[in-house]
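To be precise, the following lines are upload27.cif, and they hold mmCIF, C-alpha atoms and all ligand atoms.
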```cif
data_structure
#
loop_
_atom_site.label_atom_id
_atom_site.label_comp_id
_atom_site.auth_asym_id
_atom_site.auth_seq_id
_atom_site.Cartn_x
_atom_site.Cartn_y
_atom_site.Cartn_z
CA ASP A 1 -20.93 -10.90 19.92
CA THR A 2 -18.35 -8.17 20.28
CA ARG A 3 -18.19 -7.33 16.59
CA ILE A 4 -18.56 -3.71 15.55
CA GLY A 5 -20.13 -2.46 12.31
CA ILE A 6 -17.93 -0.25 10.15
CA SER A 7 -18.09 1.14 6.62
CA LEU A 8 -15.04 1.10 4.41
CA THR A 9 -14.52 1.83 0.75
CA ILE A 10 -12.02 -0.78 -0.37
CA ASN A 11 -10.46 -0.34 -3.79
CA GLY A 12 -13.44 1.75 -4.83
CA GLU A 13 -16.11 -0.58 -3.49
CA ALA A 14 -18.27 0.43 -0.51
CA ARG A 15 -18.37 -2.32 2.10
CA GLN A 16 -20.33 -2.73 5.32
CA LEU A 17 -18.31 -4.95 7.65
CA GLN A 18 -18.57 -6.49 11.09
CA VAL A 19 -15.17 -6.61 12.72
CA ALA A 20 -13.80 -7.60 16.09
CA PRO A 21 -12.41 -4.53 17.89
CA TRP A 22 -8.91 -6.04 18.04
CA THR A 23 -8.70 -6.95 14.32
CA THR A 24 -5.97 -5.04 12.53
CA LEU A 25 -6.64 -3.54 9.13
CA LEU A 26 -4.06 -5.96 7.71
CA ASP A 27 -5.80 -9.02 9.15
CA LEU A 28 -9.17 -7.74 7.96
CA LEU A 29 -7.84 -7.33 4.43
CA ARG A 30 -5.93 -10.60 4.27
CA GLU A 31 -7.97 -13.00 6.35
CA GLU A 32 -11.53 -11.76 6.06
CA LEU A 33 -11.59 -10.09 2.64
CA ASP A 34 -9.08 -12.33 0.84
CA LEU A 35 -6.99 -9.35 -0.26
CA THR A 36 -3.67 -11.06 0.30
CA GLY A 37 -1.54 -8.67 -1.75
CA SER A 38 -0.64 -6.71 1.37
CA LYS A 39 1.94 -8.78 3.19
CA LYS A 40 2.58 -9.51 6.85
CA GLY A 41 6.33 -9.31 7.22
CA CYS A 42 6.84 -8.36 10.84
CA ASP A 43 3.37 -7.42 12.20
CA HIS A 44 5.16 -4.77 14.27
CA GLY A 45 5.44 -1.69 12.04
CA GLN A 46 9.05 -2.32 11.12
CA CYS A 47 9.12 -3.66 7.57
CA GLY A 48 6.49 -1.83 5.51
CA ALA A 49 5.31 -4.94 3.65
CA CYS A 50 1.76 -4.23 4.86
CA THR A 51 1.64 -0.62 3.60
CA VAL A 52 -1.73 0.46 2.20
CA LEU A 53 -3.25 3.85 1.41
CA VAL A 54 -5.93 5.25 3.71
CA ASP A 55 -7.55 8.28 2.08
CA GLY A 56 -4.35 8.59 0.04
CA VAL A 57 -2.04 8.45 3.07
CA ARG A 58 0.33 5.50 3.45
CA ILE A 59 0.12 3.54 6.69
CA ASN A 60 1.39 0.27 8.08
CA SER A 61 -1.88 -1.66 8.14
CA CYS A 62 -0.50 -4.06 10.78
CA LEU A 63 -0.49 -1.17 13.27
CA ALA A 64 -4.03 0.09 12.61
CA LEU A 65 -7.15 -1.38 14.11
CA ALA A 66 -9.79 -1.76 11.41
CA VAL A 67 -12.43 -0.05 13.57
CA MET A 68 -10.27 3.08 13.72
CA LYS A 69 -10.62 3.45 9.94
CA ASP A 70 -14.43 3.51 9.90
CA GLY A 71 -15.52 5.66 6.97
CA ALA A 72 -12.14 5.68 5.23
CA ALA A 73 -11.20 4.78 1.66
CA ILE A 74 -8.59 2.01 1.60
CA THR A 75 -6.45 1.26 -1.44
CA THR A 76 -4.38 -1.90 -1.55
CA VAL A 77 -2.07 -3.18 -4.28
CA GLU A 78 -5.09 -4.95 -5.77
CA GLY A 79 -6.69 -1.54 -6.37
CA LEU A 80 -3.76 0.41 -7.78
CA ALA A 81 -4.70 -0.17 -11.41
CA GLY A 82 -8.21 1.07 -10.65
CA LEU A 83 -6.77 4.08 -8.84
CA ALA A 84 -4.74 4.98 -11.91
CA ASN A 85 -7.57 4.50 -14.34
CA ARG A 86 -10.53 5.87 -12.46
CA GLY A 87 -12.75 7.44 -15.07
CA ALA A 88 -10.26 6.81 -17.84
CA GLY A 89 -11.87 3.64 -19.11
CA SER A 90 -8.58 1.79 -19.25
CA ASP A 91 -7.54 -1.35 -17.43
CA GLY A 92 -3.78 -0.74 -17.50
CA LEU A 93 -1.47 -0.82 -14.51
CA HIS A 94 -0.70 2.20 -12.35
CA PRO A 95 2.35 4.13 -13.68
CA ILE A 96 4.36 3.13 -10.59
CA GLN A 97 3.62 -0.54 -11.32
CA GLU A 98 4.77 -0.07 -14.91
CA ALA A 99 7.93 1.66 -13.68
CA PHE A 100 8.72 -1.15 -11.19
CA ILE A 101 8.50 -3.65 -14.05
CA GLU A 102 10.58 -1.50 -16.38
CA HIS A 103 13.34 -0.95 -13.80
CA ASP A 104 13.35 -4.50 -12.33
CA ALA A 105 12.50 -2.96 -8.97
CA PHE A 106 11.90 -6.30 -7.25
CA GLN A 107 13.44 -9.71 -6.93
CA CYS A 108 11.35 -12.00 -4.73
CA GLY A 109 8.46 -9.55 -4.79
CA TYR A 110 7.36 -9.98 -1.18
CA CYS A 111 7.88 -6.33 -0.28
CA THR A 112 6.60 -5.02 -3.62
CA PRO A 113 2.92 -4.37 -2.73
CA GLY A 114 4.08 -2.28 0.21
CA GLN A 115 6.78 -0.57 -1.84
CA LEU A 116 4.19 0.38 -4.48
CA CYS A 117 1.62 1.75 -2.02
CA SER A 118 4.33 3.54 -0.08
CA SER A 119 5.69 5.12 -3.29
CA ILE A 120 2.29 6.55 -4.13
CA GLY A 121 1.81 7.79 -0.56
CA MET A 122 5.26 9.39 -0.67
CA MET A 123 4.45 11.16 -3.93
CA ASN A 124 1.14 12.35 -2.45
CA GLU A 125 3.11 13.85 0.46
CA GLY A 126 5.25 15.76 -2.04
CA HIS A 127 8.28 16.26 0.21
CA ALA A 128 10.85 14.05 -1.49
CA HIS A 129 12.51 15.21 -4.69
CA THR A 130 16.15 14.11 -4.80
CA ARG A 131 17.33 10.49 -4.78
CA ASP A 132 18.50 10.89 -1.20
CA GLU A 133 15.14 12.29 -0.16
CA ILE A 134 13.31 9.46 -1.91
CA ARG A 135 15.56 6.89 -0.24
CA GLU A 136 14.92 8.50 3.15
CA ALA A 137 11.17 8.77 2.55
CA MET A 138 11.06 5.08 1.56
CA SER A 139 13.21 3.93 4.48
CA GLY A 140 10.21 2.34 6.21
CA ASN A 141 9.95 -0.22 3.43
CA ILE A 142 12.55 -2.93 3.81
CA CYS A 143 13.66 -5.03 0.81
CA ARG A 144 15.63 -8.10 1.87
CA CYS A 145 16.78 -8.63 -1.72
CA GLY A 146 18.35 -5.18 -1.70
CA ALA A 147 16.60 -3.86 -4.82
CA TYR A 148 16.76 -0.33 -3.46
CA THR A 149 18.65 1.24 -6.35
CA ASN A 150 16.09 0.00 -8.86
CA ILE A 151 13.18 0.97 -6.61
CA VAL A 152 14.45 4.55 -6.44
CA ASP A 153 15.04 4.49 -10.22
CA ALA A 154 11.41 3.47 -10.75
CA ILE A 155 10.07 6.16 -8.40
CA GLU A 156 12.24 8.84 -9.98
CA ASP A 157 10.98 7.81 -13.40
CA VAL A 158 7.35 8.33 -12.34
CA MET A 159 8.09 11.61 -10.57
CA GLN A 160 9.68 13.20 -13.65
FE1 LIG A 201 3.39 -4.16 9.05
FE2 LIG A 201 5.88 -5.20 8.89
S1 LIG A 201 3.95 -6.22 8.64
S2 LIG A 201 5.30 -3.11 9.08
#
```
Taking this structure as input, can you express it in the form of structure tokens?
Amino acid sequence: DTRIGISLTINGEARQLQVAPWTTLLDLLREELDLTGSKKGCDHGQCGACTVLVDGVRINSCLALAVMKDGAAITTVEGLAGLANRGAGSDGLHPIQEAFIEHDAFQCGYCTPGQLCSSIGMMNEGHAHTRDEIREAMSGNICRCGAYTNIVDAIEDVMQ
């Protein structure tokens, strides 16, 4: 067996996993752990639908081998509410999720998990402030419905 043992904290839960060396983080999440919120749009790092947070940094999980993330803390869309409420004793949504709802920042919703994770990663980076900077910083997340204006509205709302 060519599987390799790794440790990941996934949405706050410590997991010991055996993974094939060629398994991407996205395939591990979706196909082995049943966390299907992260989407496979292109599988080539071009659409952003697979964006997750690794130690708070946004990445395209289709481009990362799971074994390369040994020891990391992974947050997917399924864990965003927990991320927002850690220690607060509440089960509400993350503020960015609330803002996406309030601003109708999705239509079909396929890109939304990636848009949400990418938004949080972008805010963690702290470089984007104006609408143009937000738009540029979110340019790796494609929305085929064209909900960009509302997505930027939602992000701006949370950043204020
Ligand atoms: Fe990873 Fe498109 S599925 S960037």
Out of A:Thr75, A:Gln16, A:Thr9, A:Ser61, which residue has the shortest atom-to-atom distance to Leu116 in chain A when counting all atoms listed in the file?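 Among A:Thr75, A:Gln16, A:Thr9, A:Ser61, it is A:Thr75 that comes nearest to Leu116 in chain A.
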Record the distance separating CA of Lys39 in chain A and CA of Asp1 in chain A, expressed in Å with one decimal.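 It comes out at 28.4 Å.
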Dump as a Markdown table the rows for residues of chain A within 7 Å of ligand LIG 201 (chain A): closest atom pair and distance in Å with one decimal, all atoms listed in the file counted, ordered by chain and rising residue number.
```
| residue | atom | partner | partner_atom | distance |
| --- | --- | --- | --- | --- |
| A:Lys39 | CA | A:LIG201 | S1 | 6.3 |
| A:Lys40 | CA | A:LIG201 | S1 | 4.0 |
| A:Gly41 | CA | A:LIG201 | S1 | 4.2 |
| A:Cys42 | CA | A:LIG201 | FE2 | 3.8 |
| A:Asp43 | CA | A:LIG201 | S1 | 3.8 |
| A:His44 | CA | A:LIG201 | FE2 | 5.4 |
| A:Gly45 | CA | A:LIG201 | S2 | 3.3 |
| A:Gln46 | CA | A:LIG201 | S2 | 4.3 |
| A:Cys47 | CA | A:LIG201 | FE2 | 3.8 |
| A:Gly48 | CA | A:LIG201 | S2 | 4.0 |
| A:Ala49 | CA | A:LIG201 | FE2 | 5.3 |
| A:Cys50 | CA | A:LIG201 | FE1 | 4.5 |
| A:Thr51 | CA | A:LIG201 | FE1 | 6.7 |
| A:Asn60 | CA | A:LIG201 | FE1 | 5.0 |
| A:Ser61 | CA | A:LIG201 | FE1 | 5.9 |
| A:Cys62 | CA | A:LIG201 | FE1 | 4.3 |
| A:Leu63 | CA | A:LIG201 | FE1 | 6.5 |
```
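Picture a line from CA of Leu25 in chain A to CA of Gly121 in chain A; it runs 17.1 Å.
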Tell me, in Å to one decimal, how far CA of Ser7 in chain A is from CA of Pro21 in chain A.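 Spanning CA of Ser7 in chain A to CA of Pro21 in chain A is a straight-line distance of 13.8 Å.
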Can you tell me, as a ChimeraX atom specification, what residues are no more than 9 Å from range 101-107 of chain A when counting only C-alpha atoms, ignoring any on the same chain fewer than 6 positions away? /A:143,145-154
Can I get the selected residues back with C-alpha atoms, as a PDB file, in the coordinates of the input?
```pdb
ATOM      1  CA  CYS A 143      13.660  -5.030   0.810  1.00  0.00           C
ATOM      2  CA  CYS A 145      16.780  -8.630  -1.720  1.00  0.00           C
ATOM      3  CA  GLY A 146      18.350  -5.180  -1.700  1.00  0.00           C
ATOM      4  CA  ALA A 147      16.600  -3.860  -4.820  1.00  0.00           C
ATOM      5  CA  TYR A 148      16.760  -0.330  -3.460  1.00  0.00           C
ATOM      6  CA  THR A 149      18.650   1.240  -6.350  1.00  0.00           C
ATOM      7  CA  ASN A 150      16.090   0.000  -8.860  1.00  0.00           C
ATOM      8  CA  ILE A 151      13.180   0.970  -6.610  1.00  0.00           C
ATOM      9  CA  VAL A 152      14.450   4.550  -6.440  1.00  0.00           C
ATOM     10  CA  ASP A 153      15.040   4.490 -10.220  1.00  0.00           C
ATOM     11  CA  ALA A 154      11.410   3.470 -10.750  1.00  0.00           C
TER      12      ALA A 154
END
```
